[in-house]
file run-v3.tsv (TSV, C-alpha atoms)
chain	number	residue	atom	x	y	z
A	1	MET	CA	0.00	0.00	0.00
A	2	LYS	CA	3.04	2.21	0.33
A	3	SER	CA	2.89	2.94	-3.38
A	4	MET	CA	-0.35	4.87	-3.01
A	5	HIS	CA	0.47	8.54	-2.92
A	6	GLU	CA	-2.20	9.32	-0.34
A	7	MET	CA	-0.73	6.73	2.03
A	8	ALA	CA	2.51	8.70	2.07
A	9	LEU	CA	0.59	11.94	2.60
A	10	MET	CA	-1.46	10.42	5.42
A	11	GLY	CA	1.79	9.28	7.03
A	12	ASP	CA	2.95	12.93	6.99
A	13	ILE	CA	-0.40	14.14	8.34
A	14	LEU	CA	-0.43	11.68	11.24
A	15	GLN	CA	3.20	12.40	12.06
A	16	LEU	CA	2.32	16.09	12.45
A	17	VAL	CA	-0.67	15.25	14.61
A	18	HIS	CA	1.24	12.80	16.81
A	19	GLU	CA	4.19	15.11	17.33
A	20	ASP	CA	1.87	17.87	18.48
A	21	ALA	CA	-0.28	15.53	20.58
A	22	ALA	CA	2.78	14.09	22.32
A	23	GLU	CA	3.92	17.62	23.23
A	24	LYS	CA	0.55	18.37	24.77
A	25	GLY	CA	0.27	15.01	26.49
A	26	LEU	CA	-2.77	13.99	24.43
A	27	CYS	CA	-3.44	10.46	23.30
A	28	LYS	CA	-6.36	8.66	21.69
A	29	ILE	CA	-7.01	10.90	18.70
A	30	GLU	CA	-10.75	11.17	17.98
A	31	LYS	CA	-10.82	13.41	14.95
A	32	VAL	CA	-8.52	14.94	12.35
A	33	GLU	CA	-9.66	17.82	10.12
A	34	LEU	CA	-7.95	18.70	6.85
A	35	ILE	CA	-8.27	21.44	4.27
A	36	VAL	CA	-7.72	19.97	0.80
A	37	GLY	CA	-7.58	22.20	-2.25
A	38	GLU	CA	-9.10	21.00	-5.51
A	39	ILE	CA	-5.74	21.27	-7.28
A	40	ALA	CA	-3.54	20.17	-4.37
A	41	ASN	CA	-2.73	16.75	-5.86
A	42	ALA	CA	-4.53	14.78	-3.15
A	43	MET	CA	-7.71	12.77	-3.63
A	44	PRO	CA	-10.15	12.99	-0.70
A	45	ASP	CA	-11.46	9.43	-1.17
A	46	ALA	CA	-7.95	8.00	-1.20
A	47	LEU	CA	-7.09	10.07	1.90
A	48	ARG	CA	-10.14	8.62	3.69
A	49	MET	CA	-9.10	5.12	2.75
A	50	ALA	CA	-5.54	5.76	3.93
A	51	PHE	CA	-6.86	7.15	7.22
A	52	ASP	CA	-8.96	4.02	7.81
A	53	ILE	CA	-5.92	1.81	7.22
A	54	PHE	CA	-3.72	3.83	9.60
A	55	ARG	CA	-6.46	3.83	12.23
A	56	GLU	CA	-6.74	0.03	12.11
A	57	GLN	CA	-2.97	-0.38	12.32
A	58	ASN	CA	-2.47	2.12	15.16
A	59	SER	CA	-5.31	1.36	17.59
A	60	HIS	CA	-3.16	2.60	20.51
A	61	LEU	CA	-3.17	6.12	19.03
A	62	PHE	CA	-6.75	6.39	17.78
A	63	THR	CA	-10.18	5.72	19.20
A	64	LYS	CA	-12.12	3.13	17.22
A	65	GLN	CA	-14.53	5.78	15.99
A	66	ALA	CA	-11.83	8.30	15.06
A	67	GLN	CA	-12.94	10.26	12.04
A	68	LEU	CA	-11.33	12.22	9.25
A	69	VAL	CA	-13.12	15.40	8.20
A	70	ILE	CA	-12.11	16.96	4.89
A	71	HIS	CA	-12.97	20.57	4.07
A	72	LEU	CA	-12.64	21.06	0.33
A	73	GLU	CA	-11.14	24.32	-0.87
A	74	VAL	CA	-12.54	25.37	-4.22
A	75	ALA	CA	-9.98	26.41	-6.83
A	76	GLU	CA	-10.24	29.98	-8.04
A	77	ALA	CA	-8.08	32.00	-10.41
A	78	GLU	CA	-8.09	35.69	-11.31
A	79	CYS	CA	-7.16	37.26	-14.63
A	80	ILE	CA	-4.45	39.88	-14.18
A	81	LEU	CA	-5.73	41.75	-17.26
A	82	CYS	CA	-9.50	41.97	-16.84
A	83	GLY	CA	-9.95	40.89	-13.23
A	84	GLU	CA	-12.30	38.07	-14.18
A	85	LYS	CA	-12.48	35.38	-11.52
A	86	TYR	CA	-12.93	31.84	-12.79
A	87	ARG	CA	-12.63	28.23	-11.77
A	88	PRO	CA	-9.41	26.87	-13.28
A	89	GLU	CA	-9.71	23.43	-14.81
A	90	GLN	CA	-7.34	21.97	-17.38
A	91	LYS	CA	-6.13	25.24	-18.85
A	92	ILE	CA	-5.30	26.77	-15.51
A	93	ALA	CA	-3.95	30.10	-16.76
A	94	LEU	CA	-6.46	30.66	-19.57
A	95	CYS	CA	-8.89	33.49	-18.77
A	96	PRO	CA	-12.33	32.55	-20.16
A	97	ASN	CA	-13.12	36.23	-20.70
A	98	CYS	CA	-9.94	37.48	-22.45
A	99	ASN	CA	-9.04	34.06	-23.89
A	100	VAL	CA	-5.38	34.71	-23.14
A	101	PRO	CA	-3.22	32.94	-20.54
A	102	SER	CA	-3.29	35.70	-17.96
A	103	GLY	CA	-4.79	34.00	-14.91
A	104	LYS	CA	-3.16	33.52	-11.54
A	105	VAL	CA	-4.32	30.82	-9.13
A	106	LEU	CA	-5.73	32.35	-5.93
A	107	THR	CA	-7.02	29.30	-4.08
A	108	GLY	CA	-7.21	25.56	-4.43
A	109	GLU	CA	-3.61	24.61	-3.68
A	110	THR	CA	-3.97	24.49	0.13
A	111	PHE	CA	-3.26	21.20	1.82
A	112	GLN	CA	-3.28	21.66	5.58
A	113	VAL	CA	-3.96	19.87	8.81
A	114	LEU	CA	-6.59	22.22	10.23
A	115	SER	CA	-7.07	20.62	13.65
A	116	TYR	CA	-7.33	17.44	15.62
A	117	GLU	CA	-9.13	16.28	18.73
A	118	GLY	CA	-7.62	14.07	21.39
A	119	SER	CA	-8.17	13.25	25.02
A	120	LEU	CA	-5.94	12.95	28.07
A	121	GLU	CA	-7.45	9.60	29.11
A	122	LYS	CA	-5.54	6.44	28.40
B	123	MET	CA	-9.78	18.69	23.51
B	124	LYS	CA	-9.54	20.34	20.12
B	125	VAL	CA	-6.18	21.64	18.91
B	126	THR	CA	-5.98	23.95	15.90
B	127	LEU	CA	-2.82	23.37	13.86
B	128	ARG	CA	-3.28	24.99	10.42
B	129	THR	CA	-0.02	23.36	9.41
B	130	ASP	CA	0.89	22.55	5.84
B	131	VAL	CA	0.83	18.77	5.34
B	132	LEU	CA	4.23	18.95	3.66
B	133	THR	CA	5.81	20.97	6.51
B	134	ASN	CA	8.40	18.31	7.34
B	135	ASN	CA	9.27	17.87	3.68
B	136	ASN	CA	9.58	21.63	3.25
B	137	LYS	CA	11.92	21.92	6.25
B	138	ALA	CA	14.17	19.26	4.75
B	139	ALA	CA	13.97	21.06	1.38
B	140	ASP	CA	15.12	24.31	3.04
B	141	PHE	CA	18.00	22.42	4.64
B	142	ASN	CA	19.01	21.03	1.24
B	143	ARG	CA	18.63	24.43	-0.42
B	144	GLU	CA	20.96	26.12	2.09
B	145	LEU	CA	23.52	23.42	1.54
B	146	PHE	CA	23.30	23.72	-2.27
B	147	GLU	CA	23.67	27.49	-2.01
B	148	SER	CA	26.68	27.29	0.28
B	149	THR	CA	28.50	24.88	-2.04
B	150	LYS	CA	27.37	26.70	-5.23
B	151	THR	CA	25.94	23.50	-6.66
B	152	LEU	CA	23.23	23.96	-9.29
B	153	VAL	CA	20.45	21.45	-8.62
B	154	VAL	CA	17.84	20.48	-11.22
B	155	ASN	CA	14.90	18.19	-10.41
B	156	ILE	CA	13.85	16.31	-13.55
B	157	MET	CA	10.38	14.77	-13.71
B	158	SER	CA	8.45	12.83	-16.36
B	159	SER	CA	6.39	9.70	-17.03
B	160	PRO	CA	8.29	6.42	-17.12
B	161	GLY	CA	9.99	6.01	-20.48
B	162	ALA	CA	10.09	9.67	-21.53
B	163	GLY	CA	13.87	9.45	-21.79
B	164	LYS	CA	15.18	11.14	-18.65
B	165	THR	CA	18.15	8.81	-18.23
B	166	THR	CA	19.16	8.94	-21.91
B	167	LEU	CA	18.94	12.72	-21.76
B	168	LEU	CA	21.15	12.74	-18.66
B	169	GLU	CA	23.65	10.39	-20.31
B	170	GLU	CA	23.96	12.84	-23.21
B	171	THR	CA	24.14	15.78	-20.81
B	172	VAL	CA	26.99	14.17	-18.88
B	173	ARG	CA	28.75	13.30	-22.13
B	174	ALA	CA	28.54	16.89	-23.36
B	175	LEU	CA	29.25	18.79	-20.16
B	176	ALA	CA	31.56	16.56	-18.09
B	177	LYS	CA	34.72	18.20	-19.44
B	178	LYS	CA	33.60	21.59	-18.21
B	179	TYR	CA	31.63	20.78	-15.03
B	180	ARG	CA	31.81	18.29	-12.20
B	181	ILE	CA	28.50	16.45	-12.45
B	182	ALA	CA	26.57	14.14	-10.13
B	183	VAL	CA	23.18	12.50	-10.52
B	184	ILE	CA	20.74	11.23	-7.90
B	185	GLU	CA	18.56	8.52	-9.45
B	186	GLY	CA	15.12	7.81	-8.03
B	187	ASP	CA	13.47	4.51	-8.91
B	188	LEU	CA	11.21	1.99	-7.23
B	189	ALA	CA	13.89	-0.67	-7.60
B	190	THR	CA	17.29	-1.52	-9.19
B	191	GLU	CA	20.60	0.33	-9.71
B	192	ARG	CA	20.22	0.30	-13.50
B	193	ASP	CA	19.94	4.03	-14.04
B	194	ALA	CA	22.81	4.88	-11.69
B	195	ASP	CA	24.95	2.32	-13.51
B	196	ARG	CA	24.16	3.96	-16.85
B	197	ILE	CA	25.22	7.35	-15.50
B	198	ARG	CA	28.41	5.92	-13.93
B	199	ALA	CA	29.29	4.40	-17.27
B	200	MET	CA	29.32	7.94	-18.67
B	201	GLY	CA	31.86	8.96	-16.04
B	202	ALA	CA	29.74	10.93	-13.59
B	203	ARG	CA	29.09	10.29	-9.91
B	204	ALA	CA	25.68	8.65	-9.37
B	205	VAL	CA	23.71	7.72	-6.27
B	206	GLN	CA	20.66	5.50	-6.53
B	207	ILE	CA	17.64	5.91	-4.26
B	208	ASN	CA	15.21	2.98	-4.29
B	209	THR	CA	11.83	4.07	-3.01
B	210	HIS	CA	10.55	0.45	-2.69
B	211	GLY	CA	7.15	1.29	-4.10
B	212	GLY	CA	7.09	4.99	-3.20
B	213	CYS	CA	5.78	7.10	-6.08
B	214	HIS	CA	8.04	10.16	-5.69
B	215	LEU	CA	11.26	11.42	-4.13
B	216	ASP	CA	10.93	13.67	-1.08
B	217	ALA	CA	13.39	16.14	0.42
B	218	ARG	CA	14.27	13.82	3.31
B	219	MET	CA	15.40	11.10	0.90
B	220	ILE	CA	17.60	13.64	-0.87
B	221	ALA	CA	19.04	14.92	2.45
B	222	ALA	CA	19.86	11.33	3.43
B	223	THR	CA	21.92	10.76	0.27
B	224	LEU	CA	23.87	14.01	0.40
B	225	GLY	CA	26.38	12.41	2.76
B	226	GLU	CA	27.46	10.22	-0.14
B	227	LEU	CA	28.19	13.24	-2.32
B	228	ASP	CA	30.91	15.79	-1.68
B	229	LEU	CA	28.90	18.82	-2.79
B	230	ASP	CA	31.97	21.09	-2.61
B	231	GLU	CA	33.33	19.04	-5.49
B	232	ILE	CA	30.10	19.13	-7.55
B	233	ASP	CA	28.99	21.92	-9.88
B	234	LEU	CA	25.86	20.34	-11.35
B	235	LEU	CA	23.56	17.94	-9.51
B	236	PHE	CA	20.67	16.42	-11.46
B	237	ILE	CA	17.93	14.64	-9.56
B	238	GLU	CA	16.09	12.15	-11.75
B	239	ASN	CA	12.75	11.73	-10.02
B	240	VAL	CA	10.62	8.58	-10.05
B	241	GLY	CA	8.84	8.23	-13.40
B	242	ASN	CA	5.38	9.63	-12.64
B	243	LEU	CA	3.58	12.72	-13.95
B	244	VAL	CA	1.47	13.22	-10.81
B	245	CYS	CA	3.06	12.80	-7.39
B	246	PRO	CA	6.60	14.22	-7.74
B	247	SER	CA	5.34	17.69	-8.72
B	248	GLY	CA	4.14	18.52	-5.20
B	249	TYR	CA	7.44	17.85	-3.44
B	250	ASP	CA	10.03	20.58	-3.04
B	251	LEU	CA	13.45	18.91	-2.89
B	252	GLY	CA	15.38	22.14	-2.37
B	253	GLN	CA	16.28	22.28	-6.06
B	254	HIS	CA	16.93	25.49	-8.00
B	255	HIS	CA	14.82	24.41	-10.96
B	256	LYS	CA	12.08	21.93	-11.78
B	257	VAL	CA	12.15	20.55	-15.31
B	258	ALA	CA	9.61	18.24	-16.96
B	259	VAL	CA	10.44	15.88	-19.80
B	260	LEU	CA	7.61	14.97	-22.15
B	261	SER	CA	8.16	12.67	-25.11
B	262	VAL	CA	6.49	12.70	-28.50
B	263	PRO	CA	5.01	9.14	-28.28
B	264	GLU	CA	3.09	10.10	-25.11
B	265	GLY	CA	0.83	12.36	-27.18
B	266	ASN	CA	-0.31	15.96	-26.99
B	267	ASP	CA	-2.97	15.28	-24.39
B	268	LYS	CA	-0.48	14.82	-21.55
B	269	ILE	CA	-0.04	18.56	-20.99
B	270	PRO	CA	-3.76	19.35	-20.43
B	271	LYS	CA	-4.28	16.02	-18.61
B	272	TYR	CA	-1.54	16.66	-16.04
B	273	PRO	CA	-1.77	20.43	-15.50
B	274	GLN	CA	-0.44	20.22	-11.96
B	275	MET	CA	2.91	18.97	-13.22
B	276	PHE	CA	3.20	21.59	-15.94
B	277	MET	CA	2.05	24.49	-13.76
B	278	ARG	CA	4.95	23.75	-11.42
B	279	THR	CA	7.80	23.32	-13.91
B	280	GLU	CA	9.56	26.22	-15.61
B	281	LEU	CA	11.06	24.24	-18.46
B	282	VAL	CA	9.65	21.40	-20.55
B	283	LEU	CA	12.01	19.29	-22.65
B	284	LEU	CA	10.04	17.72	-25.49
B	285	ASN	CA	12.08	14.61	-26.18
B	286	LYS	CA	12.10	12.12	-29.10
B	287	ILE	CA	11.34	14.70	-31.80
B	288	ASP	CA	13.06	12.32	-34.25
B	289	LEU	CA	9.74	10.41	-34.10
B	290	LEU	CA	7.60	13.41	-35.16
B	291	PRO	CA	7.33	12.25	-38.81
B	292	TYR	CA	5.75	8.97	-37.68
B	293	LEU	CA	3.29	10.21	-35.06
B	294	ASP	CA	0.47	12.72	-34.79
B	295	PHE	CA	2.16	14.98	-32.29
B	296	SER	CA	1.96	18.76	-32.84
B	297	VAL	CA	4.74	20.85	-31.30
B	298	GLU	CA	2.69	23.98	-31.94
B	299	GLU	CA	-0.27	22.56	-30.02
B	300	ALA	CA	2.04	21.54	-27.16
B	301	ARG	CA	3.37	25.11	-26.93
B	302	LYS	CA	-0.18	26.50	-26.93
B	303	ASP	CA	-1.40	24.05	-24.25
B	304	LEU	CA	1.63	24.76	-22.12
B	305	SER	CA	1.18	28.52	-22.35
B	306	GLU	CA	-2.44	28.14	-21.25
B	307	ILE	CA	-1.37	26.29	-18.12
B	308	ASN	CA	1.88	28.07	-17.35
B	309	PRO	CA	2.67	31.10	-19.55
B	310	GLU	CA	6.07	31.51	-17.88
B	311	SER	CA	7.36	28.10	-18.90
B	312	THR	CA	9.61	27.37	-21.87
B	313	LEU	CA	9.57	24.38	-24.20
B	314	PHE	CA	12.66	23.00	-25.95
B	315	PRO	CA	11.99	20.36	-28.63
B	316	LEU	CA	14.92	17.93	-28.75
B	317	SER	CA	16.03	14.37	-29.29
B	318	ALA	CA	18.51	12.79	-26.90
B	319	ARG	CA	19.01	9.98	-29.43
B	320	THR	CA	19.89	12.11	-32.48
B	321	GLN	CA	21.25	15.09	-30.46
B	322	GLU	CA	18.96	17.51	-32.31
B	323	GLY	CA	18.10	20.53	-30.18
B	324	LEU	CA	20.27	19.48	-27.24
B	325	HIS	CA	22.38	22.65	-27.46
B	326	GLU	CA	19.42	24.72	-26.20
B	327	TRP	CA	19.17	22.55	-23.09
B	328	PHE	CA	22.92	22.73	-22.52
B	329	SER	CA	22.91	26.55	-22.87
B	330	TRP	CA	20.03	26.72	-20.42
B	331	ILE	CA	22.06	24.68	-17.88
B	332	GLU	CA	25.12	26.87	-18.37
B	333	GLY	CA	23.05	30.03	-17.85
B	334	ALA	CA	21.43	28.58	-14.75
B	335	TYR	CA	24.83	27.58	-13.39
B	336	VAL	CA	26.20	31.12	-13.84
B	337	ARG	CA	23.18	32.54	-11.98
B	338	CYS	CA	23.60	29.96	-9.21
B	339	VAL	CA	27.29	30.79	-8.68
B	340	ARG	CA	26.71	34.57	-8.72
B	341	GLN	CA	23.97	34.42	-6.08

call {"tool": "encode", "arguments": {"input": "run-v3.tsv", "output": "structure tokens"}}
result
Amino acid sequence: MKSMHEMALMGDILQLVHEDAAEKGLCKIEKVELIVGEIANAMPDALRMAFDIFREQNSHLFTKQAQLVIHLEVAEAECILCGEKYRPEQKIALCPNCNVPSGKVLTGETFQVLSYEGSLEK
Amino acid sequence: MKVTLRTDVLTNNNKAADFNRELFESTKTLVVNIMSSPGAGKTTLLEETVRALAKKYRIAVIEGDLATERDADRIRAMGARAVQINTHGGCHLDARMIAATLGELDLDEIDLLFIENVGNLVCPSGYDLGQHHKVAVLSVPEGNDKIPKYPQMFMRTELVLLNKIDLLPYLDFSVEEARKDLSEINPESTLFPLSARTQEGLHEWFSWIEGAYVRCVRQ
């Protein structure tokens, strides 16, 4: 399963959570919330699957019901010539109004661990 | 208890990338991260690059593959230093893997370091390795549709080397269309059509490397 890109990403996510939780003396993670941009190169379904696998393999760190919440960030670009805001798809820089490649991506590339919930009980 | 982190998922990778970058800057080593699908011709292109530039520059290559030492052996046969990273199934190189191999390379004695990423048009594009430049290789047999199909690779690379142009007469690939598609995804990127096999167009790539090296040393 290591070959799945989202497994590697989930490994990074859980490392961040565990490092922080260990500092605060928290164990038994109940919830992890992520912000995933539409063009951030991570598939939400694959992330959910990876989370389930990690949860099964690390029952000492998670509660059985631990959940992953993903907040999707919509991709938006703005044309530097006409100011048109549009949703970038394949032709990311192509402004649909001017029809020239003059768009800059504003949002959609975020990939963050927003928060987590854990408890002090063992 | 809820803890707000708002931390980038790739934070640990990015810290390692910054570490690598500082090292590359202190030793004045130009580092180029080369990405493509499997079979686009990255290793052949690097063999030709070593052949052409090894008299003038001290060159090393880090090879990323799921398994085997084959690519590193090919580079060594051309007379350059090569280190192989086997990711054992991992789909990309990350900055920590690069940091871990730097002990095997004496960067003070290296002018040009090429990192040949794992063949994959998706995953490697998101990982900063601390390189100066990200370059994509696309080859004519892959077809025109690869640029619009993998925009996240091409929006993050400043140079695209269109390899295997010796096959243009036999295939339906349009260089003009590739340039147009690329400009609509990343207007700041450049495309050099070339063939590592016949050497056509390679001089543009070599001049680009020499220019980048001068800028790296002057920094």

call {"tool": "interface_residues", "arguments": {"input": "run-v3.tsv", "of": "chain B", "to": "chain A", "cutoff": "12 Å", "atoms": "all atoms listed in the file", "output": "PyMOL selection string"}}
result
chain B and resi 123-136+188+209-216+218+240+242-249+267-278+302-311

call {"tool": "atom_distance", "arguments": {"input": "run-v3.tsv", "atom1": "CA of Asn266 (chain B)", "atom2": "CA of Arg196 (chain B)"}}
result
29.1 Å

call {"tool": "closest_residue", "arguments": {"input": "run-v3.tsv", "among": "A:Tyr86, A:Leu106, A:Phe54, A:Leu81", "to": "Ala66 (chain A)", "atoms": "all atoms listed in the file"}}
result
A:Phe54

call {"tool": "residues_around", "arguments": {"input": "run-v3.tsv", "residues": "region 252-261 of chain B", "least_positions_apart": "4", "cutoff": "7 Å", "atoms": "all atoms listed in the file", "output": "compact mmCIF listing (two decimals) with C-alpha atoms, keeping the file's coordinate frame"}}
result
# COMPACT_ATOMS: atom_id res chain seq x y z
CA ALA B 139 13.97 21.06 1.38
CA ASP B 140 15.12 24.31 3.04
CA ASN B 142 19.01 21.03 1.24
CA ARG B 143 18.63 24.43 -0.42
CA LEU B 152 23.23 23.96 -9.29
CA VAL B 153 20.45 21.45 -8.62
CA VAL B 154 17.84 20.48 -11.22
CA ASN B 155 14.90 18.19 -10.41
CA ILE B 156 13.85 16.31 -13.55
CA MET B 157 10.38 14.77 -13.71
CA SER B 158 8.45 12.83 -16.36
CA ALA B 162 10.09 9.67 -21.53
CA LYS B 164 15.18 11.14 -18.65
CA ALA B 217 13.39 16.14 0.42
CA THR B 279 7.80 23.32 -13.91
CA GLU B 280 9.56 26.22 -15.61
CA LEU B 281 11.06 24.24 -18.46
CA VAL B 282 9.65 21.40 -20.55
CA LEU B 283 12.01 19.29 -22.65
CA LEU B 284 10.04 17.72 -25.49
CA ASN B 285 12.08 14.61 -26.18
CA LYS B 286 12.10 12.12 -29.10

call {"tool": "closest_residue", "arguments": {"input": "run-v3.tsv", "among": "B:Leu235, B:Thr149, B:Glu144, B:Lys137", "to": "Ala176 (chain B)", "atoms": "all atoms listed in the file"}}
result
B:Leu235

call {"tool": "atom_distance", "arguments": {"input": "run-v3.tsv", "atom1": "CA of Ile220 (chain B)", "atom2": "CA of Leu313 (chain B)"}}
result
26.9 Å

call {"tool": "axis_aligned_box", "arguments": {"input": "run-v3.tsv", "around": "region 55-70 of chain A", "padding_each_side": "4 Å", "output": "lines of an AutoDock Vina configuration file"}}
result
center_x = -8.5
center_y = 8.3
center_z = 12.7
size_x = 20.1
size_y = 25.3
size_z = 23.6

call {"tool": "atom_distance", "arguments": {"input": "run-v3.tsv", "atom1": "CA of Lys150 (chain B)", "atom2": "CA of Val172 (chain B)"}}
result
18.5 Å

call {"tool": "closest_residue", "arguments": {"input": "run-v3.tsv", "among": "B:Ile287, B:Phe314, B:Glu226, B:Thr190", "to": "Ser329 (chain B)", "atoms": "all atoms listed in the file"}}
result
B:Phe314

call {"tool": "residues_around", "arguments": {"input": "run-v3.tsv", "residues": "His325 (chain B)", "least_positions_apart": "4", "cutoff": "12 Å", "atoms": "only C-alpha atoms", "output": "PyMOL selection string"}}
result
chain B and resi 167+170-171+174-175+283+314-318+320-321+329-332

call {"tool": "closest_residue", "arguments": {"input": "run-v3.tsv", "among": "B:Asp288, B:Asp193, B:Gly186, B:Leu145", "to": "Asp228 (chain B)", "atoms": "all atoms listed in the file"}}
result
B:Leu145

call {"tool": "closest_residue", "arguments": {"input": "run-v3.tsv", "among": "B:Arg192, B:Arg180, B:Arg319, B:Arg301", "to": "Gly163 (chain B)", "atoms": "all atoms listed in the file"}}
result
B:Arg319

call {"tool": "decode", "arguments": {"input": "run-v3.tsv", "residues": "region 270-277 of chain B", "atoms": "all heavy atoms", "output": "CSV table (one decimal), in the first residue's frame"}}
result
chain,number,residue,atom,x,y,z
B,270,PRO,N,-2.5,19.0,-21.1
B,270,PRO,CA,-3.8,19.3,-20.4
B,270,PRO,C,-4.2,18.3,-19.4
B,270,PRO,O,-4.9,18.7,-18.5
B,270,PRO,CB,-4.8,19.5,-21.6
B,270,PRO,CG,-4.1,18.9,-22.8
B,270,PRO,CD,-2.6,18.9,-22.6
B,271,LYS,N,-3.8,17.0,-19.6
B,271,LYS,CA,-4.3,16.0,-18.6
B,271,LYS,C,-3.6,16.1,-17.3
B,271,LYS,O,-4.1,15.6,-16.3
B,271,LYS,CB,-4.1,14.6,-19.2
B,271,LYS,CG,-5.2,14.1,-20.0
B,271,LYS,CD,-5.0,12.7,-20.4
B,271,LYS,CE,-6.1,12.1,-21.2
B,271,LYS,NZ,-5.7,10.8,-21.7
B,272,TYR,N,-2.3,16.6,-17.3
B,272,TYR,CA,-1.5,16.7,-16.0
B,272,TYR,C,-1.1,18.1,-15.7
B,272,TYR,O,0.1,18.4,-15.6
B,272,TYR,CB,-0.3,15.7,-16.1
B,272,TYR,CG,-0.7,14.3,-16.3
B,272,TYR,CD1,-0.9,13.7,-17.5
B,272,TYR,CD2,-0.9,13.5,-15.2
B,272,TYR,CE1,-1.3,12.4,-17.7
B,272,TYR,CE2,-1.3,12.2,-15.3
B,272,TYR,CZ,-1.5,11.6,-16.6
B,272,TYR,OH,-1.9,10.3,-16.7
B,273,PRO,N,-2.1,19.0,-15.6
B,273,PRO,CA,-1.8,20.4,-15.5
B,273,PRO,C,-1.0,20.7,-14.2
B,273,PRO,O,-0.2,21.7,-14.2
B,273,PRO,CB,-3.1,21.1,-15.5
B,273,PRO,CG,-4.1,20.1,-15.1
B,273,PRO,CD,-3.6,18.8,-15.6
B,274,GLN,N,-1.1,19.9,-13.2
B,274,GLN,CA,-0.4,20.2,-12.0
B,274,GLN,C,1.1,20.0,-12.1
B,274,GLN,O,1.8,20.6,-11.3
B,274,GLN,CB,-1.1,19.5,-10.8
B,274,GLN,CG,-2.4,20.1,-10.5
B,274,GLN,CD,-3.4,19.1,-9.8
B,274,GLN,OE1,-3.0,18.4,-8.9
B,274,GLN,NE2,-4.6,19.1,-10.3
B,275,MET,N,1.5,19.1,-12.9
B,275,MET,CA,2.9,19.0,-13.2
B,275,MET,C,3.4,20.2,-14.0
B,275,MET,O,4.4,20.8,-13.6
B,275,MET,CB,3.2,17.7,-14.0
B,275,MET,CG,4.6,17.5,-14.6
B,275,MET,SD,5.8,17.5,-13.3
B,275,MET,CE,5.6,15.9,-12.6
B,276,PHE,N,2.7,20.6,-15.1
B,276,PHE,CA,3.2,21.6,-15.9
B,276,PHE,C,3.0,23.0,-15.4
B,276,PHE,O,3.8,23.9,-15.8
B,276,PHE,CB,2.6,21.4,-17.3
B,276,PHE,CG,3.0,20.1,-18.0
B,276,PHE,CD1,2.2,19.0,-17.9
B,276,PHE,CD2,4.3,20.0,-18.5
B,276,PHE,CE1,2.6,17.8,-18.5
B,276,PHE,CE2,4.7,18.8,-19.0
B,276,PHE,CZ,3.9,17.7,-19.0
B,277,MET,N,2.1,23.2,-14.4
B,277,MET,CA,2.0,24.5,-13.8
B,277,MET,C,3.2,24.7,-12.8
B,277,MET,O,3.5,25.8,-12.4
B,277,MET,CB,0.7,24.7,-13.1
B,277,MET,CG,0.5,23.9,-11.8
B,277,MET,SD,-1.2,24.1,-11.1
B,277,MET,CE,-1.0,25.6,-10.2
